[in-house]
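Structure record follows, encoded as structure tokens.
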Amino acid sequence: MISRKATFKNTAIFGLALATLVSRPVYAQEVDQADEAEADSNVIIVTAQRREQSIQDVPIAISAFTPRQLDTLAVKKTIDLVDTLPNLVGSNNTSLGSANVYFLRGQGQDESFPTFDPAVGTYVDEIFYARQNGNNISLFDIERTEVLRGPQGTLFGKNTTGGAINVLLRKPGEEFGGFAEASYGRFDEITLRGSVDLPLSERVRFLVSGFYVDDNGWLENTALDRNINDRNAYGGRIAIDIDLTDDLNWYVVGDYIRDSGTNITGRDINLDTDAATGPVRTSGNYGDVDLVSTSILPLGLDAVFPGAVSKADYGSLTKSYNTSSNLTYQMDNGSISLIMGYRKVENDFLVNFPLPQFDAFMQFPSPANPALDDIFIIDNIGDFKQYSAELKYNGSLFDDFLNLTAGLFYLKEENRSDFAAYFAGPTPSRDRIISNDTENIAGYIQGDFALTDQITATAGVRYTDEKKDFRISDNRPIGDITDLTTANMIALGIPIDQREKVWTPRFALQFEPDDDLMFYASATRGFRSGGWNARVNTASGLQPFGSEKVWSYEAGTRLNFGRDFSIAATAFYLEAKDLQVNTAIAQGVFAIGNAGKLLNTGLEVEAFISPVRNLNLYAALGIMDARYEASDADIAACVPPNGTVSVFDVNCELIEPKRSPDAQVTLGGSYDIEIGDAMISPRGSIRMVSDQEVSTRGVGPADGYVLVNAGIDFKPFGDQLNFAVECSNCFNKRYLVASFGNQDTYFNQPGRWTLRATYKFGGRVN
């Protein structure tokens, strides 16, 4: 393991040594293979500034991956990026397998509740996904995946204080072609995937893709003699790309995904035992983890609490419907795009949380036979809709002196949740319906000014005017001021509306002494919206919390000597004020407050080297020195034994910021061995992460870990047919990703092995 006690100085020295030894960042994407001349000259294209640019010209810390690079690093879904990128930490949300929790440079959000907003934004084909529900995107038919580190408040907007994950799906090809893939793996996992390009004419191109996944689950349930956390998912996408004229293009996409992925935990039967207190865990050293569930909730809520009627079926089921339209008009000096999107997510779940320290409270189904793993249950029906529209201009003006990006943005959210929580009994602690809407209107402009051939100055700003409203009704009212109703909120003087007007500027200066070397420095502001604490049990607790604002300062360099040698390094300092931190203040009651500041200083290095033909190596390093700075209000409110103020431990001592490990190192690579017309390609990666805290109030210490992925591909004749054997988390390392306190623990996914066959045809064959 990597100890948190390893000094920041020693890790920084390692990072600088790494920077001198390795080369081209995997974050770069080469241009379309259709233009072989440009590809041969190693022109690298990214869209970090909402337009296509060479990576050498972008003063932003960005990582991007092509499909083959994702395969090398065993990245199948967006959640797998957390095992690859510097200073990115995350996991599936507790109990929800299709919702991801991301923390980037210490900025993140644990909750998928609709009144809490994420700090790392997710974008698909330039459409913002406002909710975490359904953001675990399958990366199988994509053009590339980009991750932007640091606040992106100018060009991407709100809820990107940590950064943004930008997925660009593959557009229809100009030639008929496609692929079909089938795989079988551990837990009887069967996966089918396919895609086909159908060019209807020179101006009209069509694409259809789909996938299917089914497995038997990885968590053993000894009470029911079966596994749970099984997954059944399928979906499809249709895209059409039309050249209406030589200058006018219309790109339309629609998709549907149904995913029953669930992330329920069990009890670790390898816990240390104390004769007086029973199983205990007081450190982050978990050793060998063996999780077992005794939940009977899979039989229905009435099996746990006789006579109880649930809203949702057992497990978690997410259905997402997405449509987007991008109409782009090309002009002599630039382009204008109208980007519109609609997204609907239905997320229903009935899930249990085993809380061993509260076993004595559980008396159901009977005192003689309590369902201890079902002591806390959430029953939820969620419906989330969003509509977005953006008018964007990109242009080069005044003989390329100014490259301008400007636009107008509109977002409307309508969220509804019917939510009940049960603690150790058949009557919900509270049962409520929540409706919260958001309307966001913004305008932005950013210019790159070529002051000389070598010096470029960037200045931009975004103005956001956002309105939020919150309404709540009580499904089981008592008839007093504690009822969860809008009327009670008003009577108690709690606001039911919020409005935020925010300016988020960006400034950067870059120096390029030649085409292969670039230095830059930047200052960027971002913000995350406020909201309401809606998980509480009384109306007086439905308090709002304010927005979080961040200033981030970066200095970086990129050195590119072609395909064989290049390096990217970024040093940063950020200061987040009114930091949104959530904490468990009672069982099933989670609240967010604005808790002073997060201060974080760090270094990020990404590199790639190809020392000999067919050998490609990747290396990444992330270093963080993060700390909380408590507000005067939090200092005054903290009284030992502390159980509510998130940035202090039980003794009112400041804790380490959660999900901010001191050091992360990733090494990966692949080697193509040619045998006549055949090719064998071994590949693998290793991820090393230092100790970290995964919860607030110091209740989730987690040891560092080492994670290994590996695989081998065999192509018997060219690129058309490929057979693969691979493993993710090959040594079945289990590490802590979330905790609500002693024994309430969630771990990463267990190791998996997979046998896979892929057949390409037509224009998809390289």
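In the structure tokens, chains take letters A, B, ... by order of appearance, with residues numbered from 1 within each chain and ligands from 1 in the order shown.
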What are the closest atom pairs, with distances in Å to one decimal, for all residues of segment 191-282 of chain A lying within 8 Å of segment 90-98 of chain A? Consider only C-alpha atoms, order rows by chain and residue number, and present the result as JSON lines.
```
{"residue": "A:Asp259", "atom": "CA", "partner": "A:Ser98", "partner_atom": "CA", "distance": 7.0}
{"residue": "A:Ser260", "atom": "CA", "partner": "A:Gly97", "partner_atom": "CA", "distance": 7.6}
{"residue": "A:Gly261", "atom": "CA", "partner": "A:Gly97", "partner_atom": "CA", "distance": 4.4}
{"residue": "A:Thr262", "atom": "CA", "partner": "A:Gly97", "partner_atom": "CA", "distance": 4.2}
{"residue": "A:Asn263", "atom": "CA", "partner": "A:Ser95", "partner_atom": "CA", "distance": 4.0}
{"residue": "A:Ile264", "atom": "CA", "partner": "A:Ser95", "partner_atom": "CA", "distance": 4.4}
{"residue": "A:Thr265", "atom": "CA", "partner": "A:Ser95", "partner_atom": "CA", "distance": 7.2}
```
(request) Within 7 Å of Glu220 of chain A, counting only C-alpha atoms, which residues show up once you throw out same-chain ones fewer than 4 positions away? Write them as a PyMOL selection string, please. (result) chain A and resi 226-228+292-293
(request) Name all residues at most 10 Å from Asn232 of chain A (count only C-alpha atoms; drop same-chain ones fewer than 3 positions away) and give them as a PyMOL selection string. (result) chain A and resi 189-191+212-217+229+258-262+317
Go ahead and dump the residues you just picked, N, CA, C and O atoms, as a compact mmCIF listing (two decimals), in the first residue's frame.
```
# COMPACT_ATOMS: atom_id res chain seq x y z
N GLU A 189 -21.45 -13.38 -16.51
CA GLU A 189 -21.77 -12.14 -17.22
C GLU A 189 -21.72 -12.37 -18.73
O GLU A 189 -20.70 -12.79 -19.28
N ILE A 190 -22.81 -12.06 -19.38
CA ILE A 190 -22.91 -12.14 -20.84
C ILE A 190 -23.10 -10.72 -21.37
O ILE A 190 -23.98 -9.99 -20.91
N THR A 191 -22.27 -10.34 -22.32
CA THR A 191 -22.35 -9.02 -22.93
C THR A 191 -22.40 -9.14 -24.44
O THR A 191 -21.58 -9.86 -25.03
N TYR A 212 -26.30 -5.27 -24.71
CA TYR A 212 -27.06 -6.08 -23.76
C TYR A 212 -26.07 -6.66 -22.75
O TYR A 212 -25.01 -7.18 -23.14
N VAL A 213 -26.39 -6.56 -21.45
CA VAL A 213 -25.54 -7.10 -20.39
C VAL A 213 -26.42 -7.83 -19.40
O VAL A 213 -27.48 -7.33 -19.00
N ASP A 214 -25.98 -9.01 -18.97
CA ASP A 214 -26.71 -9.77 -17.96
C ASP A 214 -25.72 -10.56 -17.13
O ASP A 214 -24.82 -11.22 -17.67
N ASP A 215 -25.83 -10.46 -15.79
CA ASP A 215 -24.99 -11.29 -14.92
C ASP A 215 -25.80 -11.74 -13.71
O ASP A 215 -26.92 -11.29 -13.49
N ASN A 216 -25.20 -12.62 -12.92
CA ASN A 216 -25.90 -13.22 -11.79
C ASN A 216 -25.61 -12.54 -10.46
O ASN A 216 -26.05 -13.01 -9.41
N GLY A 217 -24.84 -11.45 -10.47
CA GLY A 217 -24.58 -10.72 -9.24
C GLY A 217 -23.35 -11.23 -8.52
O GLY A 217 -22.97 -12.39 -8.65
N ASN A 229 -27.08 -8.08 -6.31
CA ASN A 229 -26.33 -7.11 -7.12
C ASN A 229 -26.18 -7.61 -8.55
O ASN A 229 -25.20 -7.27 -9.24
N ARG A 258 -31.84 0.99 -20.38
CA ARG A 258 -32.49 0.42 -19.19
C ARG A 258 -31.43 -0.35 -18.42
O ARG A 258 -30.79 -1.25 -18.97
N ASP A 259 -31.24 -0.01 -17.15
CA ASP A 259 -30.13 -0.59 -16.39
C ASP A 259 -30.59 -0.89 -14.96
O ASP A 259 -31.06 0.01 -14.26
N SER A 260 -30.45 -2.14 -14.55
CA SER A 260 -30.84 -2.53 -13.19
C SER A 260 -29.62 -2.69 -12.28
O SER A 260 -29.71 -3.36 -11.24
N GLY A 261 -28.49 -2.07 -12.65
CA GLY A 261 -27.29 -2.18 -11.83
C GLY A 261 -27.52 -1.67 -10.41
O GLY A 261 -28.05 -0.58 -10.20
N THR A 262 -27.12 -2.48 -9.43
CA THR A 262 -27.32 -2.17 -8.02
C THR A 262 -26.01 -2.33 -7.28
O THR A 262 -25.18 -3.16 -7.65
N LEU A 317 -33.56 0.38 -10.60
CA LEU A 317 -33.85 0.34 -12.03
C LEU A 317 -33.82 1.76 -12.57
O LEU A 317 -34.55 2.63 -12.10
```
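Nearest to Leu148 of chain A of all the residues A:Leu88, A:Ile60, A:Ala368, A:Ala182 is A:Ile60, based on only C-alpha atoms.
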(request) Just the strand (DSSP E) stuff from segment 91-228 of chain A, please, per backbone DSSP, written as a PyMOL selection string. (result) chain A and resi 91-93+95-104+107-108+120-124+127-129+142-149+163-169+177-185+189-199+204-214+219-221+226-228
(request) Give the answer as one residue: which of A:Pro354, A:Gly382, A:Gly447, A:Pro477 has the shortest atom-to-atom distance to Phe423 of chain A, using only C-alpha atoms? (result)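 Nearest candidate to Phe423 of chain A out of A:Pro354, A:Gly382, A:Gly447, A:Pro477: A:Pro354.
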(request) Please provide as a list of chain:residue names all residues within 9 Å of Ile142 of chain A, with the sequence filter that same-chain residues fewer than 5 positions apart are discarded (counting only C-alpha atoms). (result)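 Residues near the query, excluding close chain neighbours: A:Thr66, A:Pro67, A:Val167, A:Leu168, A:Leu169, A:Arg170, A:Lys171.
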